[in-house]
file final_34.txt (compact mmCIF, C-alpha atoms and all ligand atoms)
# COMPACT_ATOMS: atom_id res chain seq x y z
CA MET A 1 26.08 -14.80 -0.30
CA ASN A 2 22.74 -14.25 -1.99
CA SER A 3 20.77 -11.13 -1.28
CA GLN A 4 17.51 -11.28 0.66
CA PHE A 5 14.27 -9.81 -0.64
CA SER A 6 13.73 -7.73 2.53
CA TYR A 7 16.33 -6.68 5.11
CA LEU A 8 13.71 -6.01 7.80
CA TYR A 9 14.99 -7.49 11.08
CA GLN A 10 13.02 -5.98 13.92
CA LEU A 11 10.48 -3.47 15.09
CA ARG A 12 11.33 -1.09 17.89
CA CYS A 13 9.22 1.13 20.14
CA SER A 14 9.75 4.77 19.20
CA VAL A 15 9.91 5.71 22.91
CA CYS A 16 11.24 2.88 25.15
CA GLN A 17 13.26 1.22 22.33
CA LYS A 18 11.96 -2.23 23.23
CA PRO A 19 12.33 -4.62 20.22
CA TYR A 20 9.36 -6.51 18.73
CA ASP A 21 9.35 -9.52 16.38
CA PRO A 22 8.24 -8.59 12.83
CA ASN A 23 7.36 -12.22 12.03
CA GLN A 24 4.39 -11.90 14.40
CA VAL A 25 1.38 -9.62 13.98
CA GLN A 26 2.27 -6.39 15.80
CA THR A 27 0.39 -3.20 16.54
CA TRP A 28 2.04 -0.60 18.85
CA CYS A 29 4.01 -0.60 22.11
CA PRO A 30 1.44 -1.33 24.83
CA GLU A 31 3.78 -0.04 27.54
CA CYS A 32 4.27 3.43 26.03
CA ASN A 33 1.14 3.55 23.85
CA THR A 34 3.33 4.74 20.94
CA PRO A 35 4.16 3.49 17.41
CA LEU A 36 6.63 0.75 16.48
CA ILE A 37 9.30 1.54 13.90
CA ALA A 38 10.72 -0.94 11.35
CA GLU A 39 14.49 -1.42 11.35
CA TYR A 40 16.55 -2.98 8.56
CA ARG A 41 20.02 -4.55 8.37
CA LEU A 42 21.45 -1.58 6.51
CA ASP A 43 25.07 -2.72 6.94
CA LEU A 44 24.41 -6.05 5.19
CA LEU A 45 22.18 -4.47 2.55
CA GLY A 46 24.79 -1.82 1.76
CA SER A 47 27.45 -4.47 1.22
CA ARG A 48 25.28 -6.63 -1.09
CA VAL A 49 23.13 -4.27 -3.16
CA SER A 50 23.99 -1.04 -4.98
CA LYS A 51 21.67 1.88 -5.53
CA GLU A 52 22.31 1.53 -9.27
CA GLU A 53 20.74 -1.95 -9.14
CA ILE A 54 17.61 -0.49 -7.55
CA VAL A 55 17.48 2.45 -9.98
CA ASN A 56 17.57 0.06 -12.96
CA ARG A 57 14.58 -2.05 -11.86
CA PRO A 58 11.11 -1.59 -13.40
CA ASN A 59 9.21 1.42 -12.01
CA GLY A 60 7.12 1.31 -8.86
CA MET A 61 7.37 1.39 -5.11
CA TRP A 62 8.43 -2.24 -4.82
CA ARG A 63 11.76 -1.77 -6.59
CA TRP A 64 12.84 -0.69 -3.08
CA HIS A 65 11.85 -4.10 -1.68
CA GLU A 66 15.03 -4.50 0.41
CA LEU A 67 13.86 -1.49 2.43
CA LEU A 68 10.23 -2.68 2.66
CA PRO A 69 8.75 -5.20 5.10
CA VAL A 70 7.41 -7.98 2.81
CA VAL A 71 9.67 -11.05 2.96
CA ASP A 72 8.05 -13.19 0.21
CA PRO A 73 7.69 -11.49 -3.22
CA GLU A 74 4.56 -13.58 -3.89
CA LYS A 75 2.76 -11.77 -1.09
CA ILE A 76 3.00 -8.31 -2.61
CA ILE A 77 -0.41 -6.76 -3.35
CA THR A 78 0.23 -3.99 -5.85
CA GLN A 79 -1.79 -1.80 -8.18
CA GLY A 80 1.30 -0.06 -9.60
CA GLU A 81 1.79 2.54 -6.85
CA GLY A 82 4.87 4.74 -6.60
CA ASP A 83 7.40 6.44 -8.88
CA THR A 84 5.34 9.60 -9.15
CA PRO A 85 6.98 12.50 -10.98
CA VAL A 86 8.87 15.45 -9.55
CA LEU A 87 8.17 18.35 -11.92
CA SER A 88 9.56 21.86 -11.85
CA MET A 89 6.90 24.59 -11.88
CA PRO A 90 8.46 27.58 -13.61
CA ARG A 91 5.24 29.49 -14.25
CA LEU A 92 3.88 29.14 -10.72
CA GLY A 93 7.37 29.79 -9.35
CA SER A 94 7.99 33.02 -11.23
CA HIS A 95 4.42 34.18 -10.50
CA LEU A 96 5.18 33.86 -6.78
CA GLY A 97 8.85 34.82 -6.77
CA PHE A 98 10.49 31.38 -6.49
CA SER A 99 13.18 30.23 -8.92
CA HIS A 100 13.28 26.51 -7.98
CA LEU A 101 9.76 25.36 -7.19
CA TYR A 102 8.78 21.68 -7.60
CA ILE A 103 5.79 19.43 -7.16
CA LYS A 104 5.97 15.78 -6.23
CA ASP A 105 2.65 14.72 -7.67
CA GLU A 106 1.10 11.88 -5.70
CA SER A 107 -2.23 12.21 -7.50
CA LEU A 108 -0.94 9.71 -10.08
CA ASN A 109 -1.08 6.83 -7.60
CA PRO A 110 -3.81 4.14 -7.77
CA THR A 111 -6.96 5.41 -5.96
CA GLY A 112 -5.84 8.98 -6.78
CA SER A 113 -3.93 9.62 -3.57
CA PHE A 114 -0.67 8.77 -1.85
CA LYS A 115 -2.59 6.68 0.69
CA ALA A 116 -2.12 3.88 -1.86
CA ARG A 117 1.55 3.62 -0.89
CA GLY A 118 0.96 3.11 2.81
CA LEU A 119 -1.92 0.73 2.35
CA ALA A 120 -0.09 -1.29 -0.32
CA ALA A 121 2.65 -1.95 2.23
CA ALA A 122 0.31 -2.55 5.19
CA ILE A 123 -2.10 -4.84 3.33
CA SER A 124 0.72 -6.81 1.70
CA LYS A 125 2.37 -7.43 5.08
CA ALA A 126 -0.98 -8.27 6.69
CA TYR A 127 -1.60 -10.75 3.86
CA GLU A 128 1.83 -12.28 4.41
CA LEU A 129 1.06 -12.68 8.12
CA GLY A 130 -2.25 -14.44 7.35
CA ILE A 131 -4.67 -11.66 8.32
CA THR A 132 -8.05 -11.93 6.55
CA ARG A 133 -10.17 -9.06 7.95
CA VAL A 134 -8.99 -5.43 8.02
CA ILE A 135 -10.67 -2.35 9.45
CA ILE A 136 -9.90 1.37 9.40
CA PRO A 137 -11.18 4.71 10.67
CA THR A 138 -10.54 7.27 7.91
CA ALA A 139 -10.92 10.87 6.84
CA GLY A 140 -11.46 9.44 3.31
CA ASN A 141 -8.51 8.47 1.14
CA ALA A 142 -7.01 5.89 3.49
CA GLY A 143 -10.32 4.05 3.54
CA GLY A 144 -10.50 4.05 -0.25
CA ALA A 145 -6.97 2.74 -0.54
CA MET A 146 -7.46 0.08 2.12
CA ALA A 147 -10.65 -1.13 0.45
CA ALA A 148 -8.88 -1.32 -2.92
CA TYR A 149 -5.89 -3.34 -1.71
CA ALA A 150 -8.00 -5.53 0.58
CA ALA A 151 -10.23 -6.46 -2.37
CA ARG A 152 -7.19 -7.39 -4.45
CA ALA A 153 -5.89 -9.51 -1.55
CA GLY A 154 -9.27 -11.21 -1.14
CA MET A 155 -9.70 -9.84 2.38
CA GLN A 156 -12.80 -8.57 4.13
CA ALA A 157 -12.73 -4.80 4.65
CA ALA A 158 -14.62 -2.49 7.02
CA VAL A 159 -14.33 1.30 6.72
CA PHE A 160 -15.58 3.82 9.33
CA MET A 161 -15.74 7.41 8.07
CA PRO A 162 -17.37 10.71 9.11
CA THR A 163 -20.71 11.47 7.41
CA ASP A 164 -19.17 14.53 5.70
CA THR A 165 -16.40 12.51 4.01
CA PRO A 166 -16.15 13.40 0.29
CA GLU A 167 -18.59 11.38 -1.83
CA ALA A 168 -15.82 9.90 -3.98
CA ASN A 169 -14.25 8.30 -0.91
CA GLN A 170 -17.53 6.71 0.12
CA LEU A 171 -18.18 5.38 -3.38
CA GLU A 172 -14.68 3.98 -3.94
CA CYS A 173 -15.06 1.92 -0.75
CA LYS A 174 -18.57 0.68 -1.51
CA ILE A 175 -17.76 -0.47 -5.04
CA THR A 176 -15.06 -2.83 -3.76
CA GLY A 177 -17.58 -4.48 -1.46
CA ALA A 178 -16.17 -3.00 1.74
CA ASN A 179 -18.53 -2.63 4.68
CA VAL A 180 -18.88 1.19 4.95
CA VAL A 181 -20.15 2.74 8.19
CA LEU A 182 -20.78 6.49 8.35
CA VAL A 183 -20.10 8.04 11.75
CA ASP A 184 -21.51 11.31 13.04
CA GLY A 185 -18.37 13.22 14.06
CA LEU A 186 -14.64 13.22 13.27
CA ILE A 187 -12.06 10.55 12.44
CA SER A 188 -11.43 10.33 16.19
CA ASP A 189 -15.08 9.33 16.70
CA ALA A 190 -14.78 6.77 13.91
CA ALA A 191 -11.68 5.42 15.68
CA VAL A 192 -13.70 4.81 18.86
CA ARG A 193 -16.18 2.70 16.87
CA VAL A 194 -13.33 0.79 15.23
CA ARG A 195 -11.70 -0.04 18.57
CA GLU A 196 -15.04 -1.41 19.80
CA LYS A 197 -15.40 -3.69 16.75
CA VAL A 198 -11.76 -4.81 17.04
CA ARG A 199 -12.34 -5.77 20.69
CA LEU A 200 -15.61 -7.60 20.03
CA GLU A 201 -14.88 -9.26 16.66
CA GLY A 202 -11.08 -9.34 16.30
CA TRP A 203 -10.53 -7.40 13.07
CA PHE A 204 -7.02 -6.09 12.32
CA ASP A 205 -6.82 -2.30 12.72
CA VAL A 206 -4.74 -0.51 10.06
CA SER A 207 -5.19 2.99 11.55
CA THR A 208 -2.29 5.37 10.95
CA PHE A 209 0.71 4.26 13.07
CA LYS A 210 -1.34 1.59 14.92
CA GLU A 211 0.43 -0.95 12.74
CA PRO A 212 4.06 -0.42 11.68
CA TYR A 213 3.95 -0.69 7.89
CA ARG A 214 1.91 2.17 6.39
CA LEU A 215 4.89 4.29 7.42
CA GLU A 216 7.18 2.05 5.34
CA GLY A 217 5.06 2.46 2.22
CA LYS A 218 4.94 6.22 2.55
CA LYS A 219 8.67 6.27 3.27
CA VAL A 220 9.24 5.41 -0.38
CA MET A 221 8.28 9.01 -1.30
CA GLY A 222 11.52 10.04 0.43
CA LEU A 223 13.56 7.33 -1.32
CA GLU A 224 12.22 8.49 -4.68
CA LEU A 225 12.79 12.17 -3.89
CA ALA A 226 16.44 11.46 -3.05
CA GLN A 227 16.93 9.67 -6.36
CA GLN A 228 15.01 12.37 -8.25
CA PHE A 229 17.32 15.01 -6.73
CA HIS A 230 20.36 12.95 -7.79
CA TRP A 231 21.11 11.74 -4.23
CA ASP A 232 20.98 15.28 -2.89
CA VAL A 233 18.05 16.78 -0.99
CA PRO A 234 15.94 19.86 -1.78
CA ASP A 235 16.26 22.73 0.72
CA VAL A 236 12.65 22.52 1.88
CA ILE A 237 9.84 19.94 1.67
CA VAL A 238 6.34 21.21 2.43
CA TYR A 239 3.97 18.51 3.67
CA PRO A 240 0.21 18.67 4.40
CA THR A 241 0.07 17.01 7.81
CA GLY A 242 -2.77 14.95 9.23
CA GLY A 243 -1.54 11.73 10.84
CA GLY A 244 2.00 12.60 9.76
CA THR A 245 2.88 9.27 8.13
CA GLY A 246 4.47 10.80 5.06
CA LEU A 247 6.30 13.52 6.97
CA VAL A 248 7.90 11.02 9.36
CA GLY A 249 8.41 8.57 6.48
CA ILE A 250 10.29 10.98 4.20
CA TYR A 251 12.66 11.81 7.05
CA LYS A 252 13.15 8.09 7.84
CA ALA A 253 13.96 7.43 4.17
CA ILE A 254 16.65 10.08 4.01
CA ARG A 255 18.22 8.83 7.25
CA GLU A 256 18.28 5.25 5.93
CA LEU A 257 19.87 6.34 2.63
CA GLN A 258 22.48 8.35 4.52
CA ALA A 259 23.24 5.33 6.75
CA LEU A 260 23.64 3.23 3.59
CA GLY A 261 26.13 5.77 2.25
CA TRP A 262 24.00 6.29 -0.87
CA MET A 263 23.50 10.05 -0.46
CA ASN A 264 25.91 12.67 -1.77
CA THR A 265 25.16 14.89 1.22
CA ASN A 266 24.67 14.72 4.97
CA ARG A 267 22.38 17.75 4.82
CA LEU A 268 18.71 17.31 5.64
CA PRO A 269 15.82 19.08 3.94
CA ARG A 270 13.94 21.43 6.28
CA ILE A 271 10.60 19.70 6.63
CA VAL A 272 7.50 21.90 6.99
CA ALA A 273 4.17 20.70 8.36
CA VAL A 274 1.19 22.61 6.95
CA GLN A 275 -2.16 22.28 8.68
CA ALA A 276 -5.55 23.96 8.41
CA GLU A 277 -6.39 26.77 10.83
CA GLY A 278 -9.48 24.79 11.82
CA CYS A 279 -7.35 21.79 12.85
CA ALA A 280 -3.77 22.66 13.73
CA PRO A 281 -2.63 20.53 16.70
CA VAL A 282 0.93 20.20 15.38
CA VAL A 283 1.29 23.94 14.74
CA ARG A 284 0.06 24.72 18.26
CA ALA A 285 2.41 22.21 19.89
CA PHE A 286 5.36 23.33 17.77
CA GLU A 287 4.82 26.98 18.64
CA ALA A 288 4.38 26.17 22.33
CA GLY A 289 7.62 24.13 22.36
CA GLN A 290 5.78 20.95 23.41
CA ASP A 291 6.87 17.36 22.65
CA THR A 292 3.34 16.07 22.09
CA CYS A 293 0.06 17.50 20.80
CA THR A 294 -3.10 18.34 22.67
CA PHE A 295 -6.39 17.09 21.15
CA PHE A 296 -7.69 19.92 18.89
CA GLU A 297 -11.31 20.52 19.90
CA GLY A 298 -13.94 21.35 17.28
CA ALA A 299 -11.75 20.44 14.29
CA HIS A 300 -13.09 21.66 10.93
CA THR A 301 -11.63 22.24 7.45
CA MET A 302 -12.58 21.39 3.87
CA ALA A 303 -9.23 19.60 3.52
CA SER A 304 -10.60 16.34 4.91
CA GLY A 305 -7.18 14.64 5.03
CA LEU A 306 -6.03 17.31 7.49
CA ARG A 307 -8.99 16.86 9.83
CA VAL A 308 -7.01 14.84 12.39
CA PRO A 309 -7.37 16.36 15.90
CA LYS A 310 -4.44 14.40 17.35
CA SER A 311 -2.03 12.04 15.63
CA PHE A 312 -0.87 8.84 17.33
CA ALA A 313 2.65 9.82 16.11
CA ASP A 314 2.57 13.41 17.40
CA ARG A 315 5.92 13.00 19.18
CA MET A 316 7.67 11.82 15.99
CA ILE A 317 6.09 14.56 13.87
CA LEU A 318 7.40 17.25 16.22
CA GLN A 319 10.81 15.57 16.40
CA THR A 320 11.05 15.47 12.61
CA ILE A 321 10.25 19.16 12.27
CA ARG A 322 12.75 20.15 14.97
CA GLU A 323 15.60 17.84 13.92
CA THR A 324 15.41 19.09 10.33
CA ASN A 325 15.14 22.79 11.34
CA GLY A 326 11.71 22.86 9.76
CA THR A 327 8.61 24.63 10.96
CA ALA A 328 4.83 24.32 11.18
CA VAL A 329 2.30 26.72 9.73
CA SER A 330 -1.48 26.85 9.41
CA VAL A 331 -3.62 28.21 6.57
CA SER A 332 -7.32 29.07 6.24
CA ASP A 333 -9.76 27.26 3.94
CA GLU A 334 -10.02 30.48 1.89
CA GLU A 335 -6.23 30.47 1.40
CA ILE A 336 -6.41 26.79 0.42
CA GLN A 337 -9.08 27.44 -2.23
CA SER A 338 -7.24 30.43 -3.61
CA ALA A 339 -3.98 28.41 -3.81
CA GLN A 340 -5.84 25.61 -5.60
CA ARG A 341 -6.99 28.06 -8.29
CA ILE A 342 -3.59 29.74 -8.74
CA TRP A 343 -1.91 26.32 -9.10
CA ALA A 344 -4.45 25.22 -11.73
CA VAL A 345 -4.24 28.46 -13.71
CA GLN A 346 -0.43 28.64 -13.68
CA GLU A 347 0.48 24.96 -14.20
CA GLY A 348 -2.76 23.26 -15.25
CA MET A 349 -2.71 20.99 -12.22
CA PHE A 350 -5.93 20.33 -10.32
CA VAL A 351 -4.53 19.50 -6.89
CA ALA A 352 -6.39 18.32 -3.79
CA PRO A 353 -7.21 20.86 -1.06
CA GLU A 354 -4.53 19.22 1.12
CA GLY A 355 -1.97 19.68 -1.67
CA ALA A 356 -3.09 23.28 -2.16
CA ALA A 357 -2.50 23.88 1.56
CA THR A 358 1.24 23.39 0.94
CA LEU A 359 1.24 26.27 -1.55
CA ALA A 360 -0.72 28.48 0.84
CA GLY A 361 1.73 27.60 3.62
CA MET A 362 4.69 28.35 1.37
CA LEU A 363 3.35 31.84 0.69
CA LYS A 364 3.09 32.54 4.43
CA LEU A 365 6.69 31.41 4.93
CA ARG A 366 7.82 33.60 2.03
CA ASP A 367 6.08 36.60 3.57
CA SER A 368 7.63 35.94 7.00
CA GLY A 369 11.11 35.61 5.46
CA TRP A 370 11.52 31.98 6.57
CA LEU A 371 11.80 30.93 2.90
CA GLN A 372 14.21 32.54 0.46
CA PRO A 373 13.23 33.00 -3.22
CA ASP A 374 16.16 30.95 -4.56
CA GLU A 375 15.65 27.91 -2.32
CA ARG A 376 14.67 24.57 -3.83
CA VAL A 377 11.17 23.95 -2.49
CA VAL A 378 9.17 20.75 -3.03
CA LEU A 379 5.39 20.86 -2.54
CA LEU A 380 3.71 17.50 -1.94
CA ASN A 381 0.42 17.20 -3.79
CA THR A 382 -1.09 14.27 -1.97
CA ALA A 383 -4.20 13.60 -4.10
CA THR A 384 -6.15 14.64 -7.17
CA GLY A 385 -8.65 17.49 -6.90
CA LEU A 386 -11.11 15.28 -8.76
CA LYS A 387 -11.85 13.34 -5.56
CA TYR A 388 -13.38 16.46 -3.97
CA LEU A 389 -15.95 17.62 -6.53
CA ASP A 390 -18.75 17.84 -3.95
CA LEU A 391 -16.74 20.43 -1.99
CA LEU A 392 -16.34 22.93 -4.82
C1 LIG A 401 -4.24 11.46 4.60
C2 LIG A 401 -3.98 12.63 3.76
C3 LIG A 401 -3.07 13.63 4.14
C4 LIG A 401 -2.32 13.57 5.44
O1 LIG A 401 -1.35 12.58 5.39
P1 LIG A 401 -0.54 12.08 6.65
O2 LIG A 401 0.65 11.40 6.11
O3 LIG A 401 -1.43 11.17 7.41
O4 LIG A 401 -0.19 13.29 7.46
C5 LIG A 401 -2.83 14.65 3.26
N1 LIG A 401 -3.45 14.73 2.07
C6 LIG A 401 -4.35 13.81 1.68
C7 LIG A 401 -5.01 13.96 0.35
C8 LIG A 401 -4.65 12.72 2.50
O5 LIG A 401 -5.52 11.80 2.09
ZN ZN A 402 7.61 1.41 24.39

call {"tool": "encode", "arguments": {"input": "final_34.txt", "output": "structure tokens"}}
result
Amino acid sequence: MNSQFSYLYQLRCSVCQKPYDPNQVQTWCPECNTPLIAEYRLDLLGSRVSKEEIVNRPNGMWRWHELLPVVDPEKIITQGEGDTPVLSMPRLGSHLGFSHLYIKDESLNPTGSFKARGLAAAISKAYELGITRVIIPTAGNAGGAMAAYAARAGMQAAVFMPTDTPEANQLECKITGANVVLVDGLISDAAVRVREKVRLEGWFDVSTFKEPYRLEGKKVMGLELAQQFHWDVPDVIVYPTGGGTGLVGIYKAIRELQALGWMNTNRLPRIVAVQAEGCAPVVRAFEAGQDTCTFFEGAHTMASGLRVPKSFADRMILQTIRETNGTAVSVSDEEIQSAQRIWAVQEGMFVAPEGAATLAGMLKLRDSGWLQPDERVVLLNTATGLKYLDLL
């Protein structure tokens, strides 16, 4: 029996479990108003494909195509995203008292941020399903990535972003020919404008978790991490959390690999959500023992990717943190800027403010005793600091 390109077989509501057909355009579960999750035939895949086969393919996110949603290889829209390095950081580690500190450096992706992964998957699948016009509300990097992949797919793109979005994000959208609309307010205000345009003109909305496939693209970070840790997991993964796509995705990846029998361990990494003090809905809900988040009023932080007052996937974010024995912690903009400088001085890496937030969060967890100095800790740097020059 020949192997298939993708083993995707259905989508399922994350709350009521109702199945949805992935061969049709899907958004979210209208009954629960919650995200749909992609499910794969892992039993069949495991019997037909080995992890060694995947490891030996040319680099990039799409070498994991059996665990991605695109059915026809011709429909893949890629700019070479994925396979970012995991590097140990001995100087930064010993400076701060950690013996096994790592970065997974997502700044090497096309468009300079890990948003490329999610949008590569979402735009490829949209292209496969015949969609020609895509729209997004964004804090910055998602808009840039959507515009880039939409241009390469020959689609029309519309991007709604707050007026204080970093200049680089505005420019990277405009140069691709995307229709850029600046909105007075937050990403949540941009989302209101997007919904209006979707209703009136029928564009396809690729907002975080409002279509099922950005999650699948970001999931590949977890697949790569497992391989990079030789099919083991680090003790702790620290993730700068806005919409939570990568946090939920990394957990999904590890669960899928364990179900395939490809991991050498059944342990899970403790997954930590770091947010900014000026916008910490997940931290508040986690500390209050709630299952969902409350809209965070008056959200403000220089880490624009973290300026998300309420994620559509709040329930899954909180589940991920709790099921992995993780935690949630908030840091101030001053702590973010100081972490950004320490990281650059010690390792020569100019990380994004969101990436720097993971280091600031790690220091708080060291001081509280939640993290031990000999644990293997991975910090996710989600973008390059070069996209934020107007904030420095
Ligand atoms: C979007 C973004 C985040 C937050 O990512 P989520 O997966 O949506 O939580 C973090 N850092 C940067 C640089 C971003 O652009
Ligand atoms: Zn449902």

call {"tool": "residues_around", "arguments": {"input": "final_34.txt", "residues": "region 183-191 of chain A", "least_positions_apart": "6", "cutoff": "7 Å", "atoms": "all atoms listed in the file", "output": "JSON, numbers by chain"}}
result
{"A": [137, 138, 139, 160, 161, 162, 163, 308]}

call {"tool": "closest_atom_pairs", "arguments": {"input": "final_34.txt", "of": "chain A", "to": "ligand LIG 401 (chain A)", "cutoff": "7 Å", "atoms": "all atoms listed in the file", "output": "tab-separated table"}}
result
residue	atom	partner	partner_atom	distance
A:Ser113	CA	A:LIG401	C7	5.9
A:Phe114	CA	A:LIG401	O5	6.9
A:Lys115	CA	A:LIG401	O5	6.1
A:Gly140	CA	A:LIG401	O5	6.5
A:Asn141	CA	A:LIG401	O5	4.6
A:Ala142	CA	A:LIG401	O5	6.3
A:Thr208	CA	A:LIG401	O3	6.8
A:Pro240	CA	A:LIG401	C5	5.2
A:Thr241	CA	A:LIG401	O4	3.7
A:Gly242	CA	A:LIG401	O4	3.5
A:Gly243	CA	A:LIG401	O3	3.5
A:Gly244	CA	A:LIG401	O4	3.2
A:Thr245	CA	A:LIG401	O2	3.7
A:Gly246	CA	A:LIG401	O2	4.0
A:Leu247	CA	A:LIG401	O2	6.1
A:Gly305	CA	A:LIG401	C2	4.0
A:Leu306	CA	A:LIG401	C4	5.7
A:Ala352	CA	A:LIG401	C7	6.2
A:Glu354	CA	A:LIG401	N1	4.7
A:Gly355	CA	A:LIG401	N1	6.4
A:Thr382	CA	A:LIG401	C7	4.6
A:Ala383	CA	A:LIG401	C7	4.5

call {"tool": "residues_near_ligand", "arguments": {"input": "final_34.txt", "ligand": "ligand ZN 402 (chain A)", "cutoff": "12 Å", "atoms": "all atoms listed in the file", "output": "list in words"}}
result
Leu11, Arg12, Cys13, Ser14, Val15, Cys16, Gln17, Lys18, Pro19, Tyr20, Thr27, Trp28, Cys29, Pro30, Glu31, Cys32, Asn33, Thr34, Pro35, Leu36 and Ile37 of chain A

call {"tool": "axis_aligned_box", "arguments": {"input": "final_34.txt", "around": "region 272-277 of chain A", "padding_each_side": "6 Å", "output": "JSON"}}
result
{"center_x": 0.6, "center_y": 23.7, "center_z": 8.9, "size_x": 25.9, "size_y": 18.1, "size_z": 15.9}

call {"tool": "residues_around", "arguments": {"input": "final_34.txt", "residues": "Asp72 (chain A)", "least_positions_apart": "6", "cutoff": "10 Å", "atoms": "all atoms listed in the file", "output": "PyMOL selection string"}}
result
chain A and resi 4-6+124-125+128

call {"tool": "write_last_selection", "arguments": {"input": "final_34.txt", "atoms": "C-alpha atoms", "output": "JSON list (two decimals), keeping the file's coordinate frame"}}
result
[["chain", "number", "residue", "atom", "x", "y", "z"],
["A", 4, "GLN", "CA", 17.51, -11.28, 0.66],
["A", 5, "PHE", "CA", 14.27, -9.81, -0.64],
["A", 6, "SER", "CA", 13.73, -7.73, 2.53],
["A", 124, "SER", "CA", 0.72, -6.81, 1.70],
["A", 125, "LYS", "CA", 2.37, -7.43, 5.08],
["A", 128, "GLU", "CA", 1.83, -12.28, 4.41]]

call {"tool": "residues_near_point", "arguments": {"input": "final_34.txt", "point": "(20.0, 18.2, 2.3)", "cutoff": "10 Å", "atoms": "all atoms listed in the file", "output": "PyMOL selection string"}}
result
chain A and resi 226+229+231-236+254+263-270+324

call {"tool": "write_last_selection", "arguments": {"input": "final_34.txt", "atoms": "C-alpha atoms", "output": "PDB file, in the coordinates of the input"}}
result
ATOM      1  CA  ALA A 226      16.440  11.460  -3.050  1.00  0.00           C
ATOM      2  CA  PHE A 229      17.320  15.010  -6.730  1.00  0.00           C
ATOM      3  CA  TRP A 231      21.110  11.740  -4.230  1.00  0.00           C
ATOM      4  CA  ASP A 232      20.980  15.280  -2.890  1.00  0.00           C
ATOM      5  CA  VAL A 233      18.050  16.780  -0.990  1.00  0.00           C
ATOM      6  CA  PRO A 234      15.940  19.860  -1.780  1.00  0.00           C
ATOM      7  CA  ASP A 235      16.260  22.730   0.720  1.00  0.00           C
ATOM      8  CA  VAL A 236      12.650  22.520   1.880  1.00  0.00           C
ATOM      9  CA  ILE A 254      16.650  10.080   4.010  1.00  0.00           C
ATOM     10  CA  MET A 263      23.500  10.050  -0.460  1.00  0.00           C
ATOM     11  CA  ASN A 264      25.910  12.670  -1.770  1.00  0.00           C
ATOM     12  CA  THR A 265      25.160  14.890   1.220  1.00  0.00           C
ATOM     13  CA  ASN A 266      24.670  14.720   4.970  1.00  0.00           C
ATOM     14  CA  ARG A 267      22.380  17.750   4.820  1.00  0.00           C
ATOM     15  CA  LEU A 268      18.710  17.310   5.640  1.00  0.00           C
ATOM     16  CA  PRO A 269      15.820  19.080   3.940  1.00  0.00           C
ATOM     17  CA  ARG A 270      13.940  21.430   6.280  1.00  0.00           C
ATOM     18  CA  THR A 324      15.410  19.090  10.330  1.00  0.00           C
TER      19      THR A 324
END

call {"tool": "atom_distance", "arguments": {"input": "final_34.txt", "atom1": "CA of Met349 (chain A)", "atom2": "CA of Leu363 (chain A)"}}
result
17.9 Å

call {"tool": "atom_distance", "arguments": {"input": "final_34.txt", "atom1": "CA of Asn109 (chain A)", "atom2": "CA of Pro73 (chain A)"}}
result
20.8 Å

call {"tool": "atom_distance", "arguments": {"input": "final_34.txt", "atom1": "CA of Leu371 (chain A)", "atom2": "CA of Ala328 (chain A)"}}
result
12.7 Å

call {"tool": "closest_residue", "arguments": {"input": "final_34.txt", "among": "A:Phe209, A:Trp370, A:Tyr9, A:Tyr149", "to": "Ile77 (chain A)", "atoms": "all atoms listed in the file"}}
result
A:Tyr149

call {"tool": "residues_near_point", "arguments": {"input": "final_34.txt", "point": "(0.2, 28.9, -14.6)", "cutoff": "10 Å", "atoms": "all atoms listed in the file", "output": "number ranges by chain"}}
result
A: 89-95, 341-349

call {"tool": "residues_around", "arguments": {"input": "final_34.txt", "residues": "Val86 (chain A)", "least_positions_apart": "3", "cutoff": "8 Å", "atoms": "only C-alpha atoms", "output": "PDB file with C-alpha atoms, in the frame of the given file"}}
result
ATOM      1  CA  TYR A 102       8.780  21.680  -7.600  1.00  0.00           C
ATOM      2  CA  ILE A 103       5.790  19.430  -7.160  1.00  0.00           C
ATOM      3  CA  LYS A 104       5.970  15.780  -6.230  1.00  0.00           C
ATOM      4  CA  ASP A 105       2.650  14.720  -7.670  1.00  0.00           C
ATOM      5  CA  LEU A 225      12.790  12.170  -3.890  1.00  0.00           C
ATOM      6  CA  GLN A 228      15.010  12.370  -8.250  1.00  0.00           C
TER       7      GLN A 228
END

call {"tool": "closest_residue", "arguments": {"input": "final_34.txt", "among": "A:Thr84, A:Ser338, A:Asn381, A:Thr358", "to": "Leu223 (chain A)", "atoms": "only C-alpha atoms"}}
result
A:Thr84

call {"tool": "closest_residue", "arguments": {"input": "final_34.txt", "among": "A:Cys279, A:Leu119, A:Ala126, A:Ile336", "to": "Asn23 (chain A)", "atoms": "all atoms listed in the file"}}
result
A:Ala126

call {"tool": "residues_around", "arguments": {"input": "final_34.txt", "residues": "Ala280 (chain A)", "least_positions_apart": "5", "cutoff": "8 Å", "atoms": "only C-alpha atoms", "output": "ChimeraX atom specification"}}
result
/A:275,296,309,330

call {"tool": "closest_residue", "arguments": {"input": "final_34.txt", "among": "A:Ala148, A:Ile175, A:Ala38, A:Ala339", "to": "Glu211 (chain A)", "atoms": "only C-alpha atoms"}}
result
A:Ala38

call {"tool": "residues_around", "arguments": {"input": "final_34.txt", "residues": "Pro69 (chain A)", "least_positions_apart": "3", "cutoff": "8 Å", "atoms": "all atoms listed in the file", "output": "ChimeraX atom specification"}}
result
/A:6-8,38,65-66,121,125,213,216

call {"tool": "write_last_selection", "arguments": {"input": "final_34.txt", "atoms": "C-alpha atoms", "output": "compact mmCIF listing (two decimals), keeping the file's coordinate frame"}}
result
# COMPACT_ATOMS: atom_id res chain seq x y z
CA SER A 6 13.73 -7.73 2.53
CA TYR A 7 16.33 -6.68 5.11
CA LEU A 8 13.71 -6.01 7.80
CA ALA A 38 10.72 -0.94 11.35
CA HIS A 65 11.85 -4.10 -1.68
CA GLU A 66 15.03 -4.50 0.41
CA ALA A 121 2.65 -1.95 2.23
CA LYS A 125 2.37 -7.43 5.08
CA TYR A 213 3.95 -0.69 7.89
CA GLU A 216 7.18 2.05 5.34
